[in-house]
>>> print(open('work07.pdb').read())   # PDB, C-alpha atoms
ATOM      1  CA  MET A   1     -34.070-100.950-148.957
ATOM      2  CA  LYS A   2     -37.189-101.715-150.990
ATOM      3  CA  LYS A   3     -39.544-104.633-151.203
ATOM      4  CA  THR A   4     -42.587-105.436-153.279
ATOM      5  CA  VAL A   5     -45.505-107.362-151.837
ATOM      6  CA  ARG A   6     -48.293-108.878-153.890
ATOM      7  CA  LYS A   7     -51.525-109.206-151.985
ATOM      8  CA  ILE A   8     -55.168-108.995-152.952
ATOM      9  CA  PHE A   9     -57.779-107.135-150.907
ATOM     10  CA  PHE A  10     -61.347-106.845-152.164
ATOM     11  CA  ILE A  11     -63.201-103.550-151.853
ATOM     12  CA  TRP A  12     -65.087-104.712-148.768
ATOM     13  CA  GLU A  13     -61.777-105.393-147.062
ATOM     14  CA  TYR A  14     -60.633-101.780-147.135
ATOM     15  CA  GLU A  15     -60.454-101.610-143.326
ATOM     16  CA  LYS A  16     -58.313-104.732-143.199
ATOM     17  CA  GLU A  17     -56.094-103.286-145.921
ATOM     18  CA  GLU A  18     -55.682-100.037-144.007
ATOM     19  CA  GLN A  19     -54.811-101.898-140.805
ATOM     20  CA  TRP A  20     -52.292-104.006-142.703
ATOM     21  CA  LEU A  21     -50.577-100.904-144.148
ATOM     22  CA  ASN A  22     -50.445 -99.232-140.737
ATOM     23  CA  ALA A  23     -49.058-102.394-139.147
ATOM     24  CA  LYS A  24     -46.362-102.455-141.852
ATOM     25  CA  SER A  25     -45.586 -98.817-141.042
ATOM     26  CA  LYS A  26     -45.133 -99.715-137.359
ATOM     27  CA  GLU A  27     -42.697-102.437-138.444
ATOM     28  CA  GLY A  28     -40.732 -99.776-140.318
ATOM     29  CA  TRP A  29     -41.968-100.527-143.825
ATOM     30  CA  GLN A  30     -43.386 -97.403-145.444
ATOM     31  CA  LEU A  31     -45.636 -97.752-148.468
ATOM     32  CA  VAL A  32     -44.332 -95.725-151.401
ATOM     33  CA  MET A  33     -46.382 -97.087-154.290
ATOM     34  CA  ALA A  34     -49.606 -99.051-154.584
ATOM     35  CA  THR A  35     -51.818-100.339-157.378
ATOM     36  CA  PHE A  36     -54.288-103.212-157.434
ATOM     37  CA  GLY A  37     -52.646-106.189-155.757
ATOM     38  CA  LYS A  38     -49.159-104.710-155.732
ATOM     39  CA  TYR A  39     -47.527-102.778-152.918
ATOM     40  CA  GLN A  40     -44.057-101.307-152.773
ATOM     41  CA  PHE A  41     -42.488-100.575-149.406
ATOM     42  CA  GLU A  42     -39.339 -98.764-148.394
ATOM     43  CA  SER A  43     -37.653 -99.334-145.075
ATOM     44  CA  GLY A  44     -37.802 -96.263-142.864
ATOM     45  CA  ILE A  45     -38.583 -95.030-139.385
ATOM     46  CA  PRO A  46     -41.217 -97.211-137.656
ATOM     47  CA  ASP A  47     -44.621 -95.501-137.428
ATOM     48  CA  GLU A  48     -43.398 -92.421-139.296
ATOM     49  CA  TYR A  49     -46.548 -92.342-141.418
ATOM     50  CA  THR A  50     -50.196 -93.227-140.937
ATOM     51  CA  TYR A  51     -52.030 -94.559-143.982
ATOM     52  CA  ARG A  52     -55.594 -94.258-145.101
ATOM     53  CA  LEU A  53     -57.652 -95.443-148.031
ATOM     54  CA  GLU A  54     -60.268 -93.183-149.492
ATOM     55  CA  LEU A  55     -62.799 -93.509-152.252
ATOM     56  CA  LEU A  56     -63.015 -90.409-154.454
ATOM     57  CA  ASP A  57     -66.445 -89.112-155.467
ATOM     58  CA  LYS A  58     -65.437 -88.420-159.039
ATOM     59  CA  SER A  59     -62.839 -89.898-161.358
ATOM     60  CA  MET A  60     -59.183 -89.227-160.677
ATOM     61  CA  ASN A  61     -58.817 -86.650-163.480
ATOM     62  CA  SER A  62     -61.886 -84.571-162.646
ATOM     63  CA  THR A  63     -61.513 -80.970-161.447
ATOM     64  CA  GLU A  64     -63.209 -81.861-158.140
ATOM     65  CA  SER A  65     -60.770 -84.674-157.369
ATOM     66  CA  ASN A  66     -57.822 -82.522-158.384
ATOM     67  CA  SER A  67     -58.816 -79.668-156.148
ATOM     68  CA  TYR A  68     -59.373 -82.111-153.269
ATOM     69  CA  LEU A  69     -55.949 -83.702-153.760
ATOM     70  CA  ASN A  70     -54.307 -80.263-153.957
ATOM     71  CA  PHE A  71     -56.003 -79.299-150.733
ATOM     72  CA  LEU A  72     -54.757 -82.452-149.024
ATOM     73  CA  GLN A  73     -51.240 -81.847-150.275
ATOM     74  CA  GLU A  74     -51.306 -78.337-148.878
ATOM     75  CA  THR A  75     -52.062 -79.771-145.443
ATOM     76  CA  GLY A  76     -49.230 -82.310-145.571
ATOM     77  CA  ILE A  77     -51.105 -85.355-146.842
ATOM     78  CA  GLU A  78     -49.601 -87.141-149.817
ATOM     79  CA  MET A  79     -51.083 -89.651-152.209
ATOM     80  CA  VAL A  80     -48.868 -92.702-152.592
ATOM     81  CA  GLY A  81     -51.028 -94.901-154.765
ATOM     82  CA  LYS A  82     -54.265 -95.335-156.601
ATOM     83  CA  CYS A  83     -56.517 -98.023-157.970
ATOM     84  CA  LYS A  84     -59.461 -96.657-159.973
ATOM     85  CA  GLN A  85     -61.170 -94.203-157.593
ATOM     86  CA  TRP A  86     -59.503 -95.616-154.485
ATOM     87  CA  ILE A  87     -56.557 -93.575-153.283
ATOM     88  CA  TYR A  88     -53.840 -94.402-150.778
ATOM     89  CA  LEU A  89     -53.019 -91.439-148.573
ATOM     90  CA  ARG A  90     -50.396 -90.966-145.927
ATOM     91  CA  CYS A  91     -49.441 -88.283-143.454
ATOM     92  CA  LYS A  92     -46.886 -88.009-140.669
ATOM     93  CA  THR A  93     -48.148 -89.802-137.575
ATOM     94  CA  ALA A  94     -46.627 -87.010-135.461
ATOM     95  CA  ASP A  95     -48.962 -84.506-137.192
ATOM     96  CA  GLY A  96     -51.970 -86.248-135.719
ATOM     97  CA  GLY A  97     -52.763 -88.817-138.402
ATOM     98  CA  PHE A  98     -56.182 -88.852-140.011
ATOM     99  CA  GLU A  99     -58.384 -88.764-136.930
ATOM    100  CA  PRO A 100     -61.574 -87.013-138.125
ATOM    101  CA  ASN A 101     -63.175 -84.250-136.021
ATOM    102  CA  ASN A 102     -66.598 -85.673-136.527
ATOM    103  CA  ARG A 103     -66.436 -89.458-136.432
ATOM    104  CA  VAL A 104     -70.163 -89.947-137.097
ATOM    105  CA  LEU A 105     -70.185 -87.733-140.156
ATOM    106  CA  TYR A 106     -66.981 -89.275-141.431
ATOM    107  CA  ASP A 107     -68.276 -92.828-141.087
ATOM    108  CA  LEU A 108     -71.560 -91.941-142.740
ATOM    109  CA  THR A 109     -69.922 -90.265-145.748
ATOM    110  CA  HIS A 110     -67.526 -93.143-146.164
ATOM    111  CA  LEU A 111     -70.237 -95.810-145.938
ATOM    112  CA  LEU A 112     -72.506 -94.009-148.386
ATOM    113  CA  LYS A 113     -69.679 -93.653-150.895
ATOM    114  CA  ILE A 114     -69.016 -97.378-150.738
ATOM    115  CA  GLN A 115     -72.722 -98.132-151.011
ATOM    116  CA  GLU A 116     -72.914 -95.959-154.133
ATOM    117  CA  PHE A 117     -69.893 -97.710-155.593
ATOM    118  CA  ILE A 118     -71.511-101.107-155.006
ATOM    119  CA  SER A 119     -74.818-100.078-156.530
ATOM    120  CA  THR A 120     -73.148 -98.662-159.657
ATOM    121  CA  THR A 121     -71.157-101.862-160.051
ATOM    122  CA  LYS A 122     -74.304-103.937-159.584
ATOM    123  CA  ASN A 123     -76.195-101.894-162.170
ATOM    124  CA  ARG A 124     -73.417-102.504-164.661
ATOM    125  CA  LEU A 125     -73.510-106.221-163.966
ATOM    126  CA  VAL A 126     -77.281-106.320-164.454
ATOM    127  CA  ALA A 127     -76.823-104.563-167.807
ATOM    128  CA  PHE A 128     -74.324-107.283-168.739
ATOM    129  CA  ILE A 129     -76.826-109.993-167.827
ATOM    130  CA  ALA A 130     -79.541-108.296-169.920
ATOM    131  CA  ILE A 131     -77.251-108.039-172.946
ATOM    132  CA  SER A 132     -76.267-111.707-172.648
ATOM    133  CA  ILE A 133     -79.915-112.788-172.445
ATOM    134  CA  CYS A 134     -80.737-110.693-175.544
ATOM    135  CA  GLY A 135     -77.807-112.404-177.255
ATOM    136  CA  LEU A 136     -79.242-115.820-176.341
ATOM    137  CA  LEU A 137     -82.708-114.901-177.638
ATOM    138  CA  ILE A 138     -81.316-113.686-180.947
ATOM    139  CA  MET A 139     -79.184-116.810-181.352
ATOM    140  CA  ASP A 140     -82.297-118.972-180.883
ATOM    141  CA  HIS A 141     -83.705-117.573-184.124
ATOM    142  CA  LEU A 142     -80.617-118.352-186.181
ATOM    143  CA  GLU A 143     -79.768-121.539-188.066
ATOM    144  CA  PRO A 144     -77.840-123.883-185.741
ATOM    145  CA  SER A 145     -74.110-123.907-186.448
ATOM    146  CA  ASN A 146     -70.874-124.207-184.510
ATOM    147  CA  LEU A 147     -70.565-120.435-184.278
ATOM    148  CA  VAL A 148     -74.128-120.012-182.997
ATOM    149  CA  ASP A 149     -73.513-122.718-180.391
ATOM    150  CA  PHE A 150     -70.304-121.063-179.323
ATOM    151  CA  ILE A 151     -71.964-117.648-178.919
ATOM    152  CA  LYS A 152     -74.847-119.256-177.001
ATOM    153  CA  GLY A 153     -72.424-120.909-174.605
ATOM    154  CA  PHE A 154     -70.484-117.698-174.235
ATOM    155  CA  CYS A 155     -73.631-115.652-173.429
ATOM    156  CA  THR A 156     -74.836-118.251-170.906
ATOM    157  CA  GLY A 157     -71.433-118.178-169.237
ATOM    158  CA  ILE A 158     -71.427-114.383-168.988
ATOM    159  CA  ALA A 159     -75.024-114.279-167.692
ATOM    160  CA  LEU A 160     -74.391-116.929-165.032
ATOM    161  CA  SER A 161     -71.105-115.544-163.779
ATOM    162  CA  THR A 162     -72.316-111.928-163.603
ATOM    163  CA  SER A 163     -75.478-113.015-161.759
ATOM    164  CA  PHE A 164     -73.301-114.854-159.289
ATOM    165  CA  ILE A 165     -70.996-111.853-158.758
ATOM    166  CA  SER A 166     -73.884-109.438-158.337
ATOM    167  CA  LEU A 167     -75.513-111.747-155.775
ATOM    168  CA  ALA A 168     -72.206-111.974-153.923
ATOM    169  CA  PHE A 169     -72.417-108.221-153.254
ATOM    170  CA  ASN A 170     -75.678-108.601-151.314
ATOM    171  CA  PRO A 171     -74.397-109.671-147.882
ATOM    172  CA  PHE A 172     -71.791-106.931-147.962
ATOM    173  CA  SER A 173     -74.368-104.359-148.994
ATOM    174  CA  ARG A 174     -76.663-105.455-146.155
ATOM    175  CA  ARG A 175     -73.808-105.113-143.690
ATOM    176  CA  ILE A 176     -73.144-101.552-144.862
ATOM    177  CA  ASN A 177     -76.850-100.659-144.503
ATOM    178  CA  LYS A 178     -76.866-101.979-140.983
ATOM    179  CA  ARG A 179     -73.854 -99.854-140.128
ATOM    180  CA  VAL A 180     -75.409 -96.750-141.720
ATOM    181  CA  LYS A 181     -78.474 -97.171-139.506
ATOM    182  CA  LYS A 182     -76.300 -97.568-136.428
ATOM    183  CA  VAL A 183     -74.315 -94.435-137.282
ATOM    184  CA  ILE A 184     -77.505 -92.416-137.869
ATOM    185  CA  LYS A 185     -78.720 -93.447-134.418
ATOM    186  CA  GLU A 186     -75.550 -91.884-133.005
ATOM    187  CA  LEU A 187     -76.575 -88.579-134.581
ATOM    188  CA  TYR A 188     -79.426 -88.264-132.085
ATOM    189  CA  THR A 189     -76.988 -87.622-129.292
ATOM    190  CA  CYS A 190     -73.862 -86.068-130.717
ATOM    191  CA  GLU A 191     -72.521 -84.466-133.853
TER     192      GLU A 191
ATOM    193  CA  MET B   1     -82.559 -75.010-146.295
ATOM    194  CA  ASN B   2     -82.502 -71.228-146.707
ATOM    195  CA  ASN B   3     -83.416 -70.734-143.114
ATOM    196  CA  ASN B   4     -80.134 -69.825-141.490
ATOM    197  CA  GLU B   5     -81.622 -69.291-138.059
ATOM    198  CA  ASN B   6     -82.090 -72.119-135.587
ATOM    199  CA  LYS B   7     -79.045 -73.834-136.994
ATOM    200  CA  VAL B   8     -76.534 -75.545-134.801
ATOM    201  CA  LEU B   9     -73.055 -75.182-136.230
ATOM    202  CA  THR B  10     -70.401 -77.820-135.825
ATOM    203  CA  GLU B  11     -67.252 -76.867-133.959
ATOM    204  CA  ALA B  12     -65.247 -77.062-137.152
ATOM    205  CA  VAL B  13     -67.603 -74.687-138.977
ATOM    206  CA  PHE B  14     -67.803 -72.215-136.079
ATOM    207  CA  TYR B  15     -64.024 -71.964-135.768
ATOM    208  CA  THR B  16     -63.532 -71.816-139.538
ATOM    209  CA  LEU B  17     -65.964 -68.905-139.796
ATOM    210  CA  LEU B  18     -64.175 -67.110-136.947
ATOM    211  CA  ALA B  19     -60.780 -67.721-138.545
ATOM    212  CA  LEU B  20     -62.048 -66.335-141.855
ATOM    213  CA  TYR B  21     -62.768 -62.857-140.483
ATOM    214  CA  SER B  22     -59.364 -62.299-142.086
ATOM    215  CA  PRO B  23     -58.518 -64.026-145.405
ATOM    216  CA  LEU B  24     -56.791 -67.397-145.019
ATOM    217  CA  HIS B  25     -56.032 -70.507-147.067
ATOM    218  CA  GLY B  26     -56.939 -74.034-145.964
ATOM    219  CA  TYR B  27     -53.809 -74.761-143.965
ATOM    220  CA  GLY B  28     -54.012 -71.298-142.385
ATOM    221  CA  ILE B  29     -57.523 -72.102-141.122
ATOM    222  CA  MET B  30     -56.214 -75.283-139.487
ATOM    223  CA  GLN B  31     -53.391 -73.427-137.748
ATOM    224  CA  GLU B  32     -55.606 -70.557-136.636
ATOM    225  CA  THR B  33     -58.217 -72.949-135.215
ATOM    226  CA  GLU B  34     -55.557 -74.816-133.277
ATOM    227  CA  ARG B  35     -54.191 -71.538-131.924
ATOM    228  CA  MET B  36     -57.628 -70.207-130.886
ATOM    229  CA  SER B  37     -58.587 -73.444-129.135
ATOM    230  CA  GLN B  38     -55.145 -73.626-127.522
ATOM    231  CA  GLY B  39     -54.282 -76.859-129.273
ATOM    232  CA  ARG B  40     -57.522 -78.662-128.387
ATOM    233  CA  LEU B  41     -59.102 -78.663-131.831
ATOM    234  CA  LYS B  42     -56.999 -79.955-134.708
ATOM    235  CA  LEU B  43     -59.087 -79.834-137.862
ATOM    236  CA  ALA B  44     -58.696 -82.900-140.043
ATOM    237  CA  ALA B  45     -58.106 -82.069-143.722
ATOM    238  CA  GLY B  46     -61.116 -84.083-144.878
ATOM    239  CA  THR B  47     -63.436 -82.422-142.374
ATOM    240  CA  LEU B  48     -62.214 -78.956-143.323
ATOM    241  CA  TYR B  49     -62.510 -79.623-147.052
ATOM    242  CA  GLY B  50     -66.101 -80.778-146.630
ATOM    243  CA  ALA B  51     -66.923 -77.792-144.417
ATOM    244  CA  ILE B  52     -65.369 -75.310-146.866
ATOM    245  CA  SER B  53     -67.212 -76.665-149.921
ATOM    246  CA  THR B  54     -70.550 -76.649-148.082
ATOM    247  CA  MET B  55     -70.005 -73.122-146.766
ATOM    248  CA  LEU B  56     -69.065 -71.902-150.258
ATOM    249  CA  GLU B  57     -72.330 -73.360-151.553
ATOM    250  CA  LYS B  58     -74.292 -71.672-148.778
ATOM    251  CA  GLU B  59     -72.357 -68.453-149.462
ATOM    252  CA  TRP B  60     -71.235 -68.134-145.850
ATOM    253  CA  ILE B  61     -67.692 -67.739-147.174
ATOM    254  CA  LYS B  62     -66.224 -66.775-150.539
ATOM    255  CA  ALA B  63     -63.058 -67.753-152.387
ATOM    256  CA  LEU B  64     -60.803 -64.789-153.094
ATOM    257  CA  PRO B  65     -59.464 -64.370-156.639
ATOM    258  CA  SER B  66     -55.998 -65.918-156.733
ATOM    259  CA  GLU B  67     -53.055 -65.650-159.080
ATOM    260  CA  GLU B  68     -52.799 -68.330-161.764
ATOM    261  CA  GLU B  69     -49.497 -69.562-160.425
ATOM    262  CA  SER B  70     -50.566 -70.404-156.904
ATOM    263  CA  ARG B  71     -52.785 -73.395-156.278
ATOM    264  CA  ARG B  72     -53.612 -72.178-152.794
ATOM    265  CA  LYS B  73     -57.034 -70.649-152.568
ATOM    266  CA  GLU B  74     -57.801 -68.023-149.962
ATOM    267  CA  TYR B  75     -61.204 -67.673-148.364
ATOM    268  CA  GLN B  76     -63.023 -64.981-146.447
ATOM    269  CA  ILE B  77     -66.276 -64.785-144.521
ATOM    270  CA  THR B  78     -69.281 -63.068-146.202
ATOM    271  CA  GLU B  79     -71.911 -60.812-144.610
ATOM    272  CA  LEU B  80     -74.282 -63.797-144.552
ATOM    273  CA  GLY B  81     -71.596 -65.821-142.784
ATOM    274  CA  LYS B  82     -71.224 -63.120-140.144
ATOM    275  CA  THR B  83     -74.976 -63.224-139.483
ATOM    276  CA  VAL B  84     -74.771 -66.993-139.049
ATOM    277  CA  VAL B  85     -71.869 -66.707-136.567
ATOM    278  CA  LYS B  86     -73.699 -64.043-134.559
ATOM    279  CA  ALA B  87     -76.849 -66.187-134.355
ATOM    280  CA  GLU B  88     -74.753 -69.149-133.210
ATOM    281  CA  LEU B  89     -72.988 -67.037-130.610
ATOM    282  CA  ALA B  90     -76.364 -65.971-129.173
ATOM    283  CA  ARG B  91     -77.435 -69.620-129.021
ATOM    284  CA  LEU B  92     -74.208 -70.645-127.303
ATOM    285  CA  GLU B  93     -74.569 -67.809-124.784
ATOM    286  CA  GLU B  94     -78.043 -69.074-123.944
ATOM    287  CA  LEU B  95     -76.658 -72.588-123.398
ATOM    288  CA  VAL B  96     -73.809 -71.342-121.219
ATOM    289  CA  GLY B  97     -76.128 -69.013-119.270
ATOM    290  CA  ASN B  98     -78.645 -71.740-118.486
ATOM    291  CA  GLY B  99     -75.917 -74.230-117.735
ATOM    292  CA  LYS B 100     -74.279 -71.906-115.220
ATOM    293  CA  LEU B 101     -77.622 -71.074-113.664
ATOM    294  CA  ILE B 102     -78.365 -74.666-112.810
ATOM    295  CA  ILE B 103     -74.923 -76.153-112.247
ATOM    296  CA  LYS B 104     -73.253 -74.115-109.578
TER     297      LYS B 104
END
>>> encode(input="work07.pdb", output="structure tokens")
Amino acid sequence: MKKTVRKIFFIWEYEKEEQWLNAKSKEGWQLVMATFGKYQFESGIPDEYTYRLELLDKSMNSTESNSYLNFLQETGIEMVGKCKQWIYLRCKTADGGFEPNNRVLYDLTHLLKIQEFISTTKNRLVAFIAISICGLLIMDHLEPSNLVDFIKGFCTGIALSTSFISLAFNPFSRRINKRVKKVIKELYTCE
Amino acid sequence: MNNNENKVLTEAVFYTLLALYSPLHGYGIMQETERMSQGRLKLAAGTLYGAISTMLEKEWIKALPSEEESRRKEYQITELGKTVVKAELARLEELVGNGKLIIK
């Protein structure tokens, strides 16, 4: 039996998303396909698989990502879904799940990857804002007309909404930094 | 970073280097490590992948030429890798020696 669930998780909710997928697995619903906002489950043995979300360093089609995914496959981990550079992995719970050998190192790598993702996204947004402001400045020098007014409104809209989105990333980014510092402190006592 | 002395290896790296005294592929390393540690240490795929790529960069291990058909890569320890393991073994022996001396 199959069922499709539509649900939205934002990137900062990856832990919640992972917990949700693992809870579904315990209920006997195994994820077989995932893209942004859409999940397909198949009924199966409860807790047969453990799920994990990972953020790839490079794009999905790069040689590095391919060799990583091949390596995972060789060790019994399969990819069930993807959304940009996020991948949905699963392995048999009986095989030990995804428990890393070095929790500190694992957390640090993961947090830094997310931080990098946020900063790239923010840079892109800032570029958007700059382009919109340039657009506004140019429009100011043109003869007023309906078209000029429309473009002005459009640019203002883009500039305002992207500024808002990029500001919205700040609290999340601060939270990640705080966690990175905490994890580094751990490194003083154990690997 | 070229100074290979005074380095403390992680458990995963130490066991991987030991396992690679004979050529093995990724999954083989995981099985061998589990066997050597009598089931105590199960290497996670992500940890092992990270360890392998870093050790390849440092030239502690090398990838063996593989046939086009097979996607599985085999690895083996290099002379430099053997030096690193020996240095680590000496360090561990010092730790164990001092530990035993004090805790009786």
>>> resolve_selection(input="work07.pdb", expression="the PyMOL selection byres ((chain B and resi 19-35) around 12)", output="PyMOL selection string")
(chain A and resi 67-68+70-77+95+101) or (chain B and resi 11-18+36-53+55+60-66+70-79+81-82+85)
>>> resolve_selection(input="work07.pdb", expression="the PyMOL selection byres ((chain A and resi 9) around 12)", output="list in words")
Arg6, Lys7, Ile8, Phe10, Ile11, Trp12, Glu13, Tyr14, Glu15, Lys16, Glu17, Glu18, Gln19, Trp20, Leu21, Thr35, Phe36, Gly37, Lys38, Tyr39 and Cys83 of chain A
>>> atom_distance(input="work07.pdb", atom1="CA of Ile165 in chain A", atom2="CA of Asp149 in chain A")
24.3 Å
>>> closest_residue(input="work07.pdb", among="A:Thr4, A:Ser25, A:Thr109, A:Asn61", to="chain B", atoms="all atoms listed in the file")
A:Thr109
>>> closest_residue(input="work07.pdb", among="A:Thr121, A:Ser59, A:Asn66, A:Ser163", to="chain B", atoms="all atoms listed in the file")
A:Asn66
>>> atom_distance(input="work07.pdb", atom1="CA of Ala94 in chain A", atom2="CA of Glu48 in chain A")
7.4 Å
>>> atom_distance(input="work07.pdb", atom1="CA of Ala168 in chain A", atom2="CA of Ile133 in chain A")
20.1 Å
>>> closest_residue(input="work07.pdb", among="B:Thr54, B:Lys104, B:Leu80, B:Leu89", to="Val8 in chain B", atoms="all atoms listed in the file")
B:Leu89
>>> resolve_selection(input="work07.pdb", expression="the PyMOL selection byres ((chain A and resi 182-189) around 9)", output="PyMOL selection string")
chain A and resi 104-105+107-108+177-181+190-191
>>> residues_around(input="work07.pdb", residues="Leu136 in chain A", least_positions_apart="2", cutoff="8 Å", atoms="all atoms listed in the file", output="ChimeraX atom specification")
/A:132-134,138-140,151-152,155-156
